[in-house]
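*Asks:* File name work.csv; file contents CSV, C-alpha atoms and all ligand atoms; full text below.
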chain,number,residue,atom,x,y,z
A,1,MET,CA,100.1,110.3,121.0
A,2,ALA,CA,100.1,111.6,117.5
A,3,LYS,CA,98.5,115.0,117.0
A,4,LYS,CA,95.8,115.6,114.4
A,5,SER,CA,97.3,118.1,111.9
A,6,SER,CA,94.0,119.2,110.6
A,7,PRO,CA,90.5,117.9,111.6
A,8,SER,CA,89.3,118.0,107.9
A,9,LYS,CA,92.1,115.8,106.7
A,10,LEU,CA,91.9,112.0,106.9
A,11,ARG,CA,95.0,110.8,108.7
A,12,TYR,CA,96.0,107.7,106.6
A,13,ALA,CA,98.4,104.9,107.3
A,14,PHE,CA,99.5,101.6,105.7
A,15,ILE,CA,100.1,98.1,106.9
A,16,GLY,CA,102.1,96.5,104.1
A,17,ALA,CA,104.1,99.0,102.0
A,18,GLY,CA,104.9,96.9,98.9
A,19,GLY,CA,103.7,97.1,95.3
A,20,ILE,CA,100.0,97.7,95.5
A,21,ALA,CA,100.4,100.0,98.5
A,22,GLY,CA,102.4,102.3,96.2
A,23,ALA,CA,99.3,102.5,93.9
A,24,HIS,CA,97.1,103.4,96.8
A,25,MET,CA,99.6,106.1,97.9
A,26,SER,CA,99.9,107.6,94.4
A,27,TYR,CA,96.1,108.3,94.3
A,28,LEU,CA,95.7,109.3,97.9
A,29,THR,CA,98.4,111.9,97.6
A,30,LYS,CA,96.3,113.6,94.9
A,31,PHE,CA,93.5,114.1,97.4
A,32,GLU,CA,93.6,117.4,99.4
A,33,ASP,CA,91.6,115.9,102.2
A,34,VAL,CA,94.0,113.1,102.9
A,35,GLU,CA,97.3,113.1,104.7
A,36,LEU,CA,99.7,110.1,104.6
A,37,VAL,CA,100.9,109.8,108.2
A,38,GLY,CA,102.8,106.5,108.5
A,39,LEU,CA,103.8,103.0,107.3
A,40,ALA,CA,104.2,99.6,108.8
A,41,ASP,CA,106.1,96.8,107.0
A,42,VAL,CA,108.6,94.2,107.9
A,43,SER,CA,110.8,95.4,105.1
A,44,GLU,CA,112.5,98.7,106.0
A,45,ALA,CA,113.7,99.0,102.4
A,46,SER,CA,110.1,98.9,101.1
A,47,MET,CA,109.1,101.6,103.6
A,48,ALA,CA,112.1,103.8,102.8
A,49,ARG,CA,111.2,103.8,99.1
A,50,HIS,CA,107.7,105.0,99.7
A,51,ALA,CA,108.6,107.3,102.5
A,52,LYS,CA,111.1,109.1,100.3
A,53,THR,CA,108.6,109.5,97.4
A,54,TYR,CA,105.7,110.7,99.7
A,55,ASN,CA,107.7,112.6,102.3
A,56,ILE,CA,106.8,110.4,105.3
A,57,PRO,CA,109.2,110.9,108.2
A,58,SER,CA,111.3,107.9,109.0
A,59,ALA,CA,110.1,108.1,112.6
A,60,HIS,CA,106.7,107.3,111.2
A,61,CYS,CA,107.9,104.0,109.6
A,62,PHE,CA,107.4,101.0,111.9
A,63,THR,CA,108.4,97.4,111.6
A,64,SER,CA,105.6,96.6,114.0
A,65,TYR,CA,102.1,97.4,112.8
A,66,GLU,CA,100.8,97.2,116.4
A,67,LYS,CA,103.3,100.0,117.4
A,68,MET,CA,102.3,102.1,114.4
A,69,LEU,CA,98.6,101.9,115.3
A,70,LYS,CA,99.3,102.7,118.9
A,71,GLU,CA,101.6,105.6,118.2
A,72,LEU,CA,100.0,107.3,115.2
A,73,LYS,CA,96.3,106.5,115.8
A,74,PRO,CA,95.4,106.9,112.1
A,75,ASP,CA,91.8,107.5,111.1
A,76,ALA,CA,92.1,105.1,108.1
A,77,VAL,CA,94.4,102.3,107.2
A,78,SER,CA,95.0,100.4,103.9
A,79,VAL,CA,95.9,96.8,104.5
A,80,CYS,CA,98.3,95.7,101.7
A,81,THR,CA,100.1,92.7,103.1
A,82,PRO,CA,100.0,89.2,101.7
A,83,ASN,CA,96.5,87.5,102.1
A,84,GLY,CA,97.4,85.5,105.2
A,85,LEU,CA,97.9,88.8,107.1
A,86,HIS,CA,94.7,90.6,106.0
A,87,ALA,CA,92.6,89.3,108.9
A,88,PRO,CA,95.0,90.0,111.8
A,89,ASN,CA,96.1,93.4,110.3
A,90,THR,CA,92.5,94.5,109.6
A,91,ILE,CA,91.2,93.4,113.0
A,92,ALA,CA,94.0,95.2,114.8
A,93,ALA,CA,93.4,98.4,112.8
A,94,LEU,CA,89.6,98.3,113.4
A,95,GLU,CA,90.2,97.7,117.1
A,96,ALA,CA,92.6,100.6,117.2
A,97,GLY,CA,89.8,102.9,115.9
A,98,ALA,CA,90.7,103.1,112.2
A,99,ALA,CA,88.5,102.6,109.2
A,100,VAL,CA,90.0,100.0,106.9
A,101,LEU,CA,90.4,99.4,103.2
A,102,VAL,CA,91.7,95.9,102.9
A,103,GLU,CA,93.1,94.6,99.6
A,104,LYS,CA,91.6,91.7,97.7
A,105,PRO,CA,91.0,88.9,98.5
A,106,MET,CA,89.4,90.0,101.8
A,107,ALA,CA,91.0,87.1,103.7
A,108,MET,CA,92.3,83.5,103.4
A,109,ASN,CA,88.8,82.1,103.9
A,110,ALA,CA,85.2,83.1,104.8
A,111,LYS,CA,85.6,82.3,108.5
A,112,GLU,CA,88.3,85.0,108.7
A,113,ALA,CA,86.3,87.4,106.5
A,114,GLN,CA,83.3,87.0,108.8
A,115,LYS,CA,85.4,87.7,111.8
A,116,MET,CA,86.7,90.9,110.2
A,117,LEU,CA,83.1,92.0,109.4
A,118,ASP,CA,82.0,91.2,113.0
A,119,THR,CA,84.9,93.2,114.4
A,120,ALA,CA,84.0,96.2,112.2
A,121,LYS,CA,80.4,96.1,113.4
A,122,ARG,CA,81.4,95.7,117.0
A,123,ASN,CA,83.8,98.6,116.9
A,124,LYS,CA,81.4,100.7,114.7
A,125,GLN,CA,84.2,101.2,112.1
A,126,LYS,CA,84.0,101.1,108.3
A,127,LEU,CA,85.5,98.2,106.5
A,128,VAL,CA,85.8,98.2,102.7
A,129,ILE,CA,87.3,95.7,100.3
A,130,GLY,CA,89.7,96.7,97.5
A,131,PHE,CA,87.5,95.6,94.6
A,132,GLN,CA,88.3,98.2,91.9
A,133,TYR,CA,86.7,96.7,88.8
A,134,ARG,CA,83.2,97.6,90.0
A,135,PHE,CA,84.3,101.2,89.6
A,136,GLY,CA,85.1,100.9,85.9
A,137,SER,CA,82.8,102.6,83.5
A,138,ASN,CA,82.0,99.4,81.6
A,139,SER,CA,80.9,98.0,85.0
A,140,THR,CA,78.8,101.1,85.7
A,141,TYR,CA,77.3,100.9,82.1
A,142,LEU,CA,76.2,97.3,82.6
A,143,LYS,CA,75.1,97.7,86.3
A,144,SER,CA,72.9,100.7,85.4
A,145,ALA,CA,71.2,98.6,82.6
A,146,VAL,CA,70.7,95.7,85.1
A,147,ASP,CA,69.3,98.0,87.7
A,148,ALA,CA,66.9,99.5,85.1
A,149,GLY,CA,65.5,96.0,84.4
A,150,GLN,CA,66.9,95.7,80.9
A,151,PHE,CA,68.0,92.1,81.4
A,152,GLY,CA,65.0,90.8,83.2
A,153,ASN,CA,65.9,87.8,85.3
A,154,ILE,CA,69.7,87.2,85.1
A,155,MET,CA,70.2,83.4,84.8
A,156,TYR,CA,73.8,83.0,84.0
A,157,GLY,CA,77.2,84.6,84.3
A,158,ARG,CA,80.5,83.3,82.9
A,159,CYS,CA,83.8,84.8,84.0
A,160,GLN,CA,87.4,84.2,83.0
A,161,ALA,CA,90.8,85.3,84.4
A,162,LEU,CA,93.2,83.3,82.3
A,163,ARG,CA,96.9,84.0,81.8
A,164,ARG,CA,98.8,81.9,79.3
A,165,ARG,CA,102.2,82.1,81.0
A,166,GLY,CA,101.9,84.3,84.1
A,167,ILE,CA,103.0,82.7,87.3
A,168,PRO,CA,104.3,85.6,89.5
A,169,ASN,CA,108.0,85.4,90.1
A,170,TRP,CA,107.8,87.9,93.1
A,171,GLY,CA,106.0,88.0,96.4
A,172,VAL,CA,104.4,84.9,97.9
A,173,PHE,CA,101.7,84.2,95.3
A,174,GLY,CA,102.7,80.5,94.9
A,175,ARG,CA,102.5,79.7,98.6
A,176,LYS,CA,99.1,78.4,99.7
A,177,GLU,CA,99.9,78.8,103.4
A,178,LEU,CA,100.4,82.5,103.0
A,179,GLN,CA,97.9,83.2,100.1
A,180,GLY,CA,95.0,80.7,100.6
A,181,GLY,CA,95.3,79.5,97.0
A,182,GLY,CA,96.5,80.4,93.5
A,183,PRO,CA,95.0,82.1,90.5
A,184,MET,CA,91.5,81.6,91.7
A,185,ILE,CA,92.0,83.6,94.9
A,186,ASP,CA,94.5,86.0,93.3
A,187,ILE,CA,93.2,87.0,89.9
A,188,GLY,CA,89.9,85.0,89.7
A,189,VAL,CA,88.7,87.0,92.7
A,190,HIS,CA,88.8,90.2,90.6
A,191,ILE,CA,86.6,89.0,87.8
A,192,LEU,CA,84.4,87.0,90.2
A,193,GLU,CA,83.6,90.0,92.4
A,194,VAL,CA,82.7,92.3,89.4
A,195,THR,CA,80.6,89.6,87.7
A,196,HIS,CA,78.7,88.9,91.0
A,197,PHE,CA,78.3,92.7,91.6
A,198,VAL,CA,76.8,93.3,88.1
A,199,MET,CA,74.5,90.2,88.5
A,200,GLY,CA,73.1,92.0,91.6
A,201,SER,CA,75.1,90.3,94.4
A,202,PRO,CA,72.8,87.2,94.7
A,203,LYS,CA,73.3,84.9,97.7
A,204,PRO,CA,75.6,81.9,96.9
A,205,ILE,CA,74.2,78.6,98.1
A,206,ALA,CA,76.4,75.8,96.5
A,207,ALA,CA,79.7,75.3,94.7
A,208,PHE,CA,81.1,72.8,92.4
A,209,GLY,CA,84.6,72.8,90.9
A,210,ASN,CA,88.1,71.4,90.6
A,211,THR,CA,91.7,72.6,90.6
A,212,TRP,CA,94.8,71.3,88.9
A,213,THR,CA,98.6,71.8,89.3
A,214,TYR,CA,100.8,70.8,86.4
A,215,MET,CA,103.5,73.4,85.8
A,216,GLY,CA,104.1,75.7,88.7
A,217,ASN,CA,105.5,73.1,91.0
A,218,LYS,CA,108.1,71.8,88.6
A,219,LYS,CA,111.4,73.3,87.5
A,220,SER,CA,110.7,74.7,84.1
A,221,ASP,CA,112.4,76.6,81.3
A,222,VAL,CA,109.2,77.8,79.6
A,223,ILE,CA,109.4,81.2,78.1
A,224,SER,CA,107.4,83.6,80.2
A,225,SER,CA,107.3,87.3,80.9
A,226,TRP,CA,107.9,86.3,84.6
A,227,PRO,CA,110.4,83.4,84.4
A,228,ASN,CA,112.1,81.5,87.2
A,229,TRP,CA,109.3,81.5,89.7
A,230,ASP,CA,110.0,79.7,92.9
A,231,HIS,CA,108.7,76.2,91.9
A,232,LYS,CA,110.1,74.6,95.2
A,233,THR,CA,107.6,76.5,97.4
A,234,TYR,CA,104.8,76.5,94.8
A,235,SER,CA,101.8,74.8,96.5
A,236,VAL,CA,98.8,76.4,94.7
A,237,GLU,CA,96.7,75.4,91.7
A,238,ASP,CA,97.6,76.3,88.1
A,239,LEU,CA,94.0,76.1,86.9
A,240,ALA,CA,90.7,76.3,88.8
A,241,VAL,CA,87.3,75.9,87.3
A,242,GLY,CA,84.1,76.2,89.3
A,243,GLN,CA,80.4,76.9,89.3
A,244,ILE,CA,78.3,78.7,91.9
A,245,ARG,CA,74.6,78.3,92.4
A,246,PHE,CA,72.6,81.2,93.9
A,247,ASP,CA,69.4,81.3,95.9
A,248,ASN,CA,67.6,82.9,92.9
A,249,GLY,CA,68.5,80.0,90.7
A,250,ALA,CA,71.2,81.8,88.8
A,251,ILE,CA,74.5,80.0,87.9
A,252,LEU,CA,78.0,81.6,87.7
A,253,THR,CA,80.9,79.8,86.1
A,254,ILE,CA,84.5,80.8,86.7
A,255,GLU,CA,87.8,79.8,85.0
A,256,SER,CA,91.0,81.1,86.4
A,257,SER,CA,94.6,80.2,85.6
A,258,PHE,CA,98.2,81.4,85.8
A,259,VAL,CA,99.2,79.1,82.9
A,260,ALA,CA,96.3,78.2,80.6
A,261,HIS,CA,96.8,76.7,77.2
A,262,VAL,CA,94.5,79.2,75.4
A,263,GLU,CA,94.8,81.6,72.5
A,264,LYS,CA,95.2,84.7,74.5
A,265,ASP,CA,95.2,86.1,78.0
A,266,THR,CA,91.5,86.7,78.9
A,267,PHE,CA,90.0,88.8,81.6
A,268,SER,CA,86.3,89.4,81.1
A,269,PHE,CA,82.8,88.2,81.7
A,270,SER,CA,79.5,87.8,80.1
A,271,ILE,CA,76.0,87.5,81.5
A,272,MET,CA,72.7,86.1,80.1
A,273,GLY,CA,69.3,87.4,81.2
A,274,GLU,CA,65.8,86.6,79.9
A,275,LYS,CA,65.5,89.9,78.0
A,276,ALA,CA,69.2,90.7,77.3
A,277,GLY,CA,72.7,89.5,77.6
A,278,ALA,CA,76.0,91.4,77.8
A,279,ASN,CA,79.8,91.3,77.5
A,280,TRP,CA,81.9,93.3,79.9
A,281,ASP,CA,85.0,94.1,77.9
A,282,PRO,CA,84.5,95.4,75.3
A,283,ALA,CA,81.1,96.5,76.8
A,284,ALA,CA,78.1,95.4,74.7
A,285,ILE,CA,74.5,94.6,75.4
A,286,TYR,CA,72.5,92.1,73.2
A,287,HIS,CA,68.8,92.7,73.7
A,288,ASP,CA,65.4,92.0,72.3
A,289,ALA,CA,63.9,94.9,70.1
A,290,GLY,CA,60.6,93.6,68.9
A,291,GLN,CA,61.3,90.7,66.6
A,292,TYR,CA,65.0,91.6,66.4
A,293,MET,CA,68.1,90.8,68.4
A,294,THR,CA,69.9,94.1,68.7
A,295,ASN,CA,73.5,94.8,69.6
A,296,SER,CA,74.1,98.0,71.7
A,297,THR,CA,77.5,99.5,72.5
A,298,PRO,CA,78.0,102.7,74.4
A,299,ALA,CA,79.0,105.7,72.2
A,300,PHE,CA,81.0,107.1,75.0
A,301,LEU,CA,82.5,105.7,78.2
A,302,THR,CA,84.6,107.7,80.6
A,303,PRO,CA,88.2,106.4,80.7
A,304,SER,CA,88.3,103.0,82.4
A,305,GLY,CA,92.0,102.0,82.5
A,306,PHE,CA,93.5,100.5,85.6
A,307,GLY,CA,94.4,103.9,86.9
A,308,ASP,CA,90.9,105.3,86.5
A,309,HIS,CA,89.0,102.7,88.4
A,310,PHE,CA,91.7,102.4,91.0
A,311,GLN,CA,91.5,106.1,91.7
A,312,ALA,CA,87.7,105.9,91.9
A,313,LYS,CA,88.1,103.0,94.4
A,314,MET,CA,90.4,105.1,96.6
A,315,ARG,CA,88.2,108.2,96.3
A,316,ASN,CA,85.1,106.2,97.2
A,317,PHE,CA,86.8,104.9,100.4
A,318,VAL,CA,87.8,108.4,101.4
A,319,ASP,CA,84.3,109.8,100.7
A,320,HIS,CA,82.8,106.9,102.7
A,321,VAL,CA,85.0,107.5,105.7
A,322,LEU,CA,85.1,111.3,105.7
A,323,TYR,CA,81.6,112.2,104.3
A,324,ASN,CA,79.6,109.0,104.9
A,325,LYS,CA,78.9,108.4,101.2
A,326,PRO,CA,77.9,104.8,100.5
A,327,THR,CA,80.6,102.4,99.6
A,328,LEU,CA,80.4,100.3,96.4
A,329,ALA,CA,82.5,97.6,97.9
A,330,PRO,CA,81.1,96.7,101.4
A,331,ALA,CA,82.6,94.0,103.6
A,332,GLU,CA,79.4,92.0,103.2
A,333,HIS,CA,80.2,91.6,99.5
A,334,GLY,CA,83.7,90.5,100.4
A,335,VAL,CA,82.4,87.8,102.7
A,336,MET,CA,80.1,86.5,99.9
A,337,VAL,CA,83.0,86.4,97.4
A,338,GLN,CA,85.1,84.6,99.9
A,339,LYS,CA,82.4,82.0,100.4
A,340,MET,CA,82.3,81.4,96.7
A,341,LEU,CA,86.1,80.9,96.6
A,342,ASP,CA,86.0,78.6,99.7
A,343,GLY,CA,83.2,76.6,98.1
A,344,ILE,CA,85.1,76.0,94.9
A,345,TYR,CA,88.3,74.9,96.7
A,346,ALA,CA,86.2,72.7,99.1
A,347,SER,CA,84.4,71.1,96.2
A,348,ALA,CA,87.8,70.4,94.5
A,349,ALA,CA,89.0,68.7,97.6
A,350,LYS,CA,85.8,66.7,98.1
A,351,GLY,CA,85.2,65.8,94.5
A,352,ALA,CA,81.5,66.8,94.8
A,353,GLU,CA,79.2,69.8,95.1
A,354,VAL,CA,79.4,71.5,98.5
A,355,LYS,CA,76.8,73.7,100.2
A,356,ILE,CA,77.6,77.3,101.0
A,357,GLY,CA,76.1,78.4,104.3
B,401,LIG,N1,93.7,95.4,93.8
B,401,LIG,C1,94.6,95.0,93.0
B,401,LIG,O1,94.6,95.1,91.8
B,401,LIG,C2,95.8,94.3,93.6
B,401,LIG,C3,97.0,94.2,92.8
B,401,LIG,C4,98.1,93.5,93.4
B,401,LIG,C5,98.0,93.0,94.7
B,401,LIG,N2,96.9,93.1,95.4
B,401,LIG,C6,96.8,92.5,96.8
B,401,LIG,O2,97.6,93.3,97.7
B,401,LIG,C7,98.2,92.5,98.6
B,401,LIG,C8,99.7,92.8,98.6
B,401,LIG,O3,100.2,92.5,97.3
B,401,LIG,P1,101.5,93.2,96.6
B,401,LIG,O4,101.4,92.9,95.2
B,401,LIG,O5,101.5,94.6,97.1
B,401,LIG,O6,102.6,92.3,97.4
B,401,LIG,P2,104.1,92.8,97.8
B,401,LIG,O7,104.8,91.6,98.0
B,401,LIG,O8,104.6,93.8,96.7
B,401,LIG,O9,103.8,93.7,99.1
B,401,LIG,C9,103.5,93.1,100.3
B,401,LIG,C10,104.2,93.8,101.4
B,401,LIG,O10,103.8,93.3,102.7
B,401,LIG,C11,104.9,93.3,103.5
B,401,LIG,N3,104.8,92.4,104.6
B,401,LIG,C12,105.0,91.0,104.6
B,401,LIG,N4,104.8,90.5,105.9
B,401,LIG,C13,104.4,91.6,106.7
B,401,LIG,C14,104.1,91.7,108.0
B,401,LIG,N5,104.1,90.7,108.9
B,401,LIG,N6,103.8,93.0,108.5
B,401,LIG,C15,103.9,94.0,107.7
B,401,LIG,N7,104.2,94.0,106.4
B,401,LIG,C16,104.4,92.8,105.9
B,401,LIG,C17,106.1,92.9,102.6
B,401,LIG,O11,107.3,93.2,103.1
B,401,LIG,C18,105.7,93.7,101.4
B,401,LIG,O12,106.3,95.0,101.4
B,401,LIG,C19,97.8,91.0,98.3
B,401,LIG,O13,96.8,90.7,99.1
B,401,LIG,C20,97.3,91.1,96.9
B,401,LIG,O14,96.3,90.2,96.5
B,401,LIG,C21,95.8,93.8,94.9
Could you take the file, read its structure, and then write that structure out as structure tokens?
Ligand SMILES: NC(=O)c1ccc[n+]([C@@H]2O[C@H](COP(=O)([O-])OP(=O)(O)OC[C@H]3O[C@@H](n4cnc5c(N)ncnc54)[C@H](O)[C@@H]3O)[C@@H](O)[C@H]2O)c1
*Replies:*
Amino acid sequence: MAKKSSPSKLRYAFIGAGGIAGAHMSYLTKFEDVELVGLADVSEASMARHAKTYNIPSAHCFTSYEKMLKELKPDAVSVCTPNGLHAPNTIAALEAGAAVLVEKPMAMNAKEAQKMLDTAKRNKQKLVIGFQYRFGSNSTYLKSAVDAGQFGNIMYGRCQALRRRGIPNWGVFGRKELQGGGPMIDIGVHILEVTHFVMGSPKPIAAFGNTWTYMGNKKSDVISSWPNWDHKTYSVEDLAVGQIRFDNGAILTIESSFVAHVEKDTFSFSIMGEKAGANWDPAAIYHDAGQYMTNSTPAFLTPSGFGDHFQAKMRNFVDHVLYNKPTLAPAEHGVMVQKMLDGIYASAAKGAEVKIG
């Protein structure tokens, strides 16, 4: 059995040691109250790269995550495997007594996500979803205005995650059986989660949408920053458009694509309330001021680049596990987001609005 090196340090391990795991590690190693103790990945080469950078002994690198959990007994685990493994990896880690930060999307579908949440509750373990955009200062700026009642009733949200030519040519992002879907579940989930969060996390009750595949599954010589993706195994959508209805009457529209014919890559959202509306990036609030419509922009925002909100997400998880501070990205929110994604895909398959239970 692995020994606790220091009771005050969080003994932290990884299941999945690829690209995003490296980002987790780079921030965790800045924290004095965290110790990286081990890795599990089917690729020894991936583990060796991170192990060298972060001084993790090779004896603590496992090709079986079950063995890693059994031998190292970590306090906390990041699950950074492809989407299809999030549920089994997370459930195993929770049952082995670890708190879990699972990368987005929470799972392949809401059924798996609910099972993960139930397992966390049954084992009295903490489960957090890797939703970093809610930690950005533009999100905090808008959320605090929403919480202060500046918008009144929020009726509508519109979010977009649109790449012009951006089918990933690495990993398994084009394989539905391993990912659950394409741009909607991969990049749409980011903008969907933060829009839903700023809107106050209302309960989704119905979905309507469609998906289309027109480029990714064909051999193509288009000029792209990531050319030569694997078109033979590409089984996901290129474009997904959907609408969610909430129990408070609000509507949220999402557009997401790896290859949209639009002027520029777009990753942002806007909301409309009875007393004010807002844009997320760049952050601005448009509100009533007597007779006048007034535009407000924050004079100062703390830095909110990818690194800043990613670090805040990692710090919040550590604080939640070690010091019981509230998490901003609870598993309950992950389940709701997953229900919205499921709903849009189900509506696309059915050709009609579907209820979300
Ligand atoms: N929050 C973010 O901004 C963000 C960014 C990128 C990716 N992600 C998410 O992180 C997850 C991983 O994405 P990535 O970009 O790091 O992919 P990746 O392909 O770089 O890494 C995945 C790793 O999982 C390993 N793996 C595959 N099968 C395994 C198994 N059975 N057991 C153990 N390890 C296994 C692979 O060998 C690889 O090292 C995905 O769910 C993705 O959606 C989140």
*Asks:* Select from segment 235-299 of chain A every residue with an atom at most 12 Å from any atom of segment 194-212 of chain A, then for each give the shortest pair of atoms and their distance in Å to one decimal, using only C-alpha atoms, rows by chain and rising number, as a Markdown table.
*Replies:*
| residue | atom | partner | partner_atom | distance |
| --- | --- | --- | --- | --- |
| A:Ser235 | CA | A:Trp212 | CA | 10.9 |
| A:Val236 | CA | A:Trp212 | CA | 8.7 |
| A:Glu237 | CA | A:Trp212 | CA | 5.3 |
| A:Asp238 | CA | A:Trp212 | CA | 5.8 |
| A:Leu239 | CA | A:Trp212 | CA | 5.3 |
| A:Ala240 | CA | A:Thr211 | CA | 4.2 |
| A:Val241 | CA | A:Gly209 | CA | 5.5 |
| A:Gly242 | CA | A:Gly209 | CA | 3.8 |
| A:Gln243 | CA | A:Phe208 | CA | 5.2 |
| A:Ile244 | CA | A:Ala207 | CA | 4.6 |
| A:Arg245 | CA | A:Ala206 | CA | 5.1 |
| A:Phe246 | CA | A:Pro204 | CA | 4.3 |
| A:Asp247 | CA | A:Lys203 | CA | 5.6 |
| A:Asn248 | CA | A:Pro202 | CA | 7.0 |
| A:Gly249 | CA | A:Pro202 | CA | 9.3 |
| A:Ala250 | CA | A:Pro202 | CA | 8.2 |
| A:Ile251 | CA | A:Pro204 | CA | 9.3 |
| A:Leu252 | CA | A:His196 | CA | 8.0 |
| A:Thr253 | CA | A:Gly209 | CA | 9.3 |
| A:Ile254 | CA | A:Gly209 | CA | 9.0 |
| A:Glu255 | CA | A:Gly209 | CA | 9.7 |
| A:Ser256 | CA | A:Thr211 | CA | 9.5 |
| A:Ser257 | CA | A:Trp212 | CA | 9.5 |
| A:Phe258 | CA | A:Trp212 | CA | 11.1 |
| A:Val259 | CA | A:Trp212 | CA | 10.8 |
| A:Ala260 | CA | A:Trp212 | CA | 10.9 |
| A:Phe267 | CA | A:Thr195 | CA | 11.2 |
| A:Ser268 | CA | A:Thr195 | CA | 8.7 |
| A:Phe269 | CA | A:Thr195 | CA | 6.5 |
| A:Ser270 | CA | A:Thr195 | CA | 7.9 |
| A:Ile271 | CA | A:Met199 | CA | 7.7 |
| A:Met272 | CA | A:Met199 | CA | 9.5 |
| A:Gly273 | CA | A:Met199 | CA | 9.4 |
| A:Gly277 | CA | A:Met199 | CA | 11.1 |
| A:Ala278 | CA | A:Val198 | CA | 10.5 |
| A:Asn279 | CA | A:Thr195 | CA | 10.4 |
| A:Trp280 | CA | A:Thr195 | CA | 8.7 |
| A:Asp281 | CA | A:Thr195 | CA | 11.6 |
*Asks:* Using only C-alpha atoms and all ligand atoms, find each residue in chain A having at least one atom no more than 7 Å away from ligand LIG 401 (chain B); report its shortest atom-to-atom pair and that distance in Å (one decimal), rows by chain then rising number, as CSV.
*Replies:*
residue,atom,partner,partner_atom,distance
A:Ile15,CA,B:LIG401,C15,5.6
A:Gly16,CA,B:LIG401,O10,3.9
A:Ala17,CA,B:LIG401,O12,4.6
A:Gly18,CA,B:LIG401,O9,3.4
A:Gly19,CA,B:LIG401,O8,3.7
A:Ile20,CA,B:LIG401,O5,3.8
A:Ala21,CA,B:LIG401,O5,5.7
A:Ala40,CA,B:LIG401,C15,5.7
A:Asp41,CA,B:LIG401,N7,3.4
A:Val42,CA,B:LIG401,N7,4.7
A:Ser43,CA,B:LIG401,O11,4.6
A:Ser46,CA,B:LIG401,O12,5.5
A:Thr63,CA,B:LIG401,C15,6.9
A:Ser64,CA,B:LIG401,N6,6.8
A:Tyr65,CA,B:LIG401,N6,6.4
A:Cys80,CA,B:LIG401,C7,4.5
A:Thr81,CA,B:LIG401,O10,3.8
A:Pro82,CA,B:LIG401,O13,4.4
A:Asn83,CA,B:LIG401,O13,4.4
A:Leu85,CA,B:LIG401,N5,6.7
A:Glu103,CA,B:LIG401,O2,5.1
A:Lys104,CA,B:LIG401,O14,5.1
A:Pro105,CA,B:LIG401,O14,5.8
A:Gly130,CA,B:LIG401,N1,5.6
A:Phe131,CA,B:LIG401,N1,6.3
A:Gln132,CA,B:LIG401,N1,6.4
A:Trp170,CA,B:LIG401,O7,6.8
A:Gly171,CA,B:LIG401,O7,4.1
A:Val172,CA,B:LIG401,O7,6.7
A:Asp186,CA,B:LIG401,O14,5.6
*Asks:* I'd like the contact shell of Lys264 of chain A - 8 Å cut-off, all atoms listed in the file, skipping same-chain residues fewer than 2 positions apart - returned as a list in words.
*Replies:*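 That gives Arg163, Arg164, Val262 and Thr266 of chain A.
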*Asks:* Write out the residues from the selection above, keeping C-alpha atoms, as an mmCIF file, in the coordinates of the input.
*Replies:*
data_model
loop_
_atom_site.group_PDB
_atom_site.id
_atom_site.type_symbol
_atom_site.label_atom_id
_atom_site.label_comp_id
_atom_site.auth_asym_id
_atom_site.auth_seq_id
_atom_site.Cartn_x
_atom_site.Cartn_y
_atom_site.Cartn_z
ATOM 1 C CA ARG A 163 96.900 84.000 81.800
ATOM 2 C CA ARG A 164 98.800 81.900 79.300
ATOM 3 C CA VAL A 262 94.500 79.200 75.400
ATOM 4 C CA THR A 266 91.500 86.700 78.900
#
*Asks:* Using all atoms listed in the file, which of the listed residues (A:Val318, A:Asp147, A:Asp221, A:Ile191) sits closest to Val77 of chain A?
*Replies:*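 Ranked by minimum distance to Val77 of chain A, first place goes to A:Val318.
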*Asks:* Name the residues, using the chain letters and numbers of the file, that sit within 8 Å of (86.5, 86.6, 102.6) when counting all atoms listed in the file, and give them as a PyMOL selection string.
*Replies:* chain A and resi 105-114+334-339
*Asks:* Pick from A:Val100, A:Ala331, A:Leu178, A:Ala51: nearest to Leu117 of chain A, with all atoms listed in the file counted?
*Replies:* A:Ala331
*Asks:* Between atom CA of Gly182 of chain A and atom CA of Ala23 of chain A, what distance in Å does the model show, to one decimal?
*Replies:*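 Value for the atom CA of Gly182 of chain A-atom CA of Ala23 of chain A distance: 22.3 Å.
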*Asks:* If you measure from atom CA of Ser347 of chain A to atom CA of Gly166 of chain A, what distance in Å do you get, rounded to one decimal?
*Replies:* 25.0 Å
*Asks:* So, with only C-alpha atoms as the atoms that count, which of A:Phe135, A:Glu66, A:Ser224, A:Thr90 lies closest to Lys313 of chain A?
*Replies:*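 Ranking A:Phe135, A:Glu66, A:Ser224, A:Thr90 by distance to Lys313 of chain A, first place goes to A:Phe135.
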*Asks:* Can you tell me which residues surround Ile285 of chain A at a distance of at most 9 Å, considering all atoms listed in the file, apart from same-chain residues fewer than 2 positions away, and format the answer as a list in words?
*Replies:*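 The neighbour list is Leu142, Ala145, Ala276, Gly277, Ala278, Asn279, Trp280, Ala283, His287, Thr294, Asn295, Ser296, Thr297 and Pro298 of chain A.
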*Asks:* What is the atom CA of His261 of chain A-atom CA of Pro183 of chain A distance in Å, reported with one decimal?
*Replies:*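 Atom CA of Pro183 of chain A lies at a distance of 14.5 Å from atom CA of His261 of chain A.
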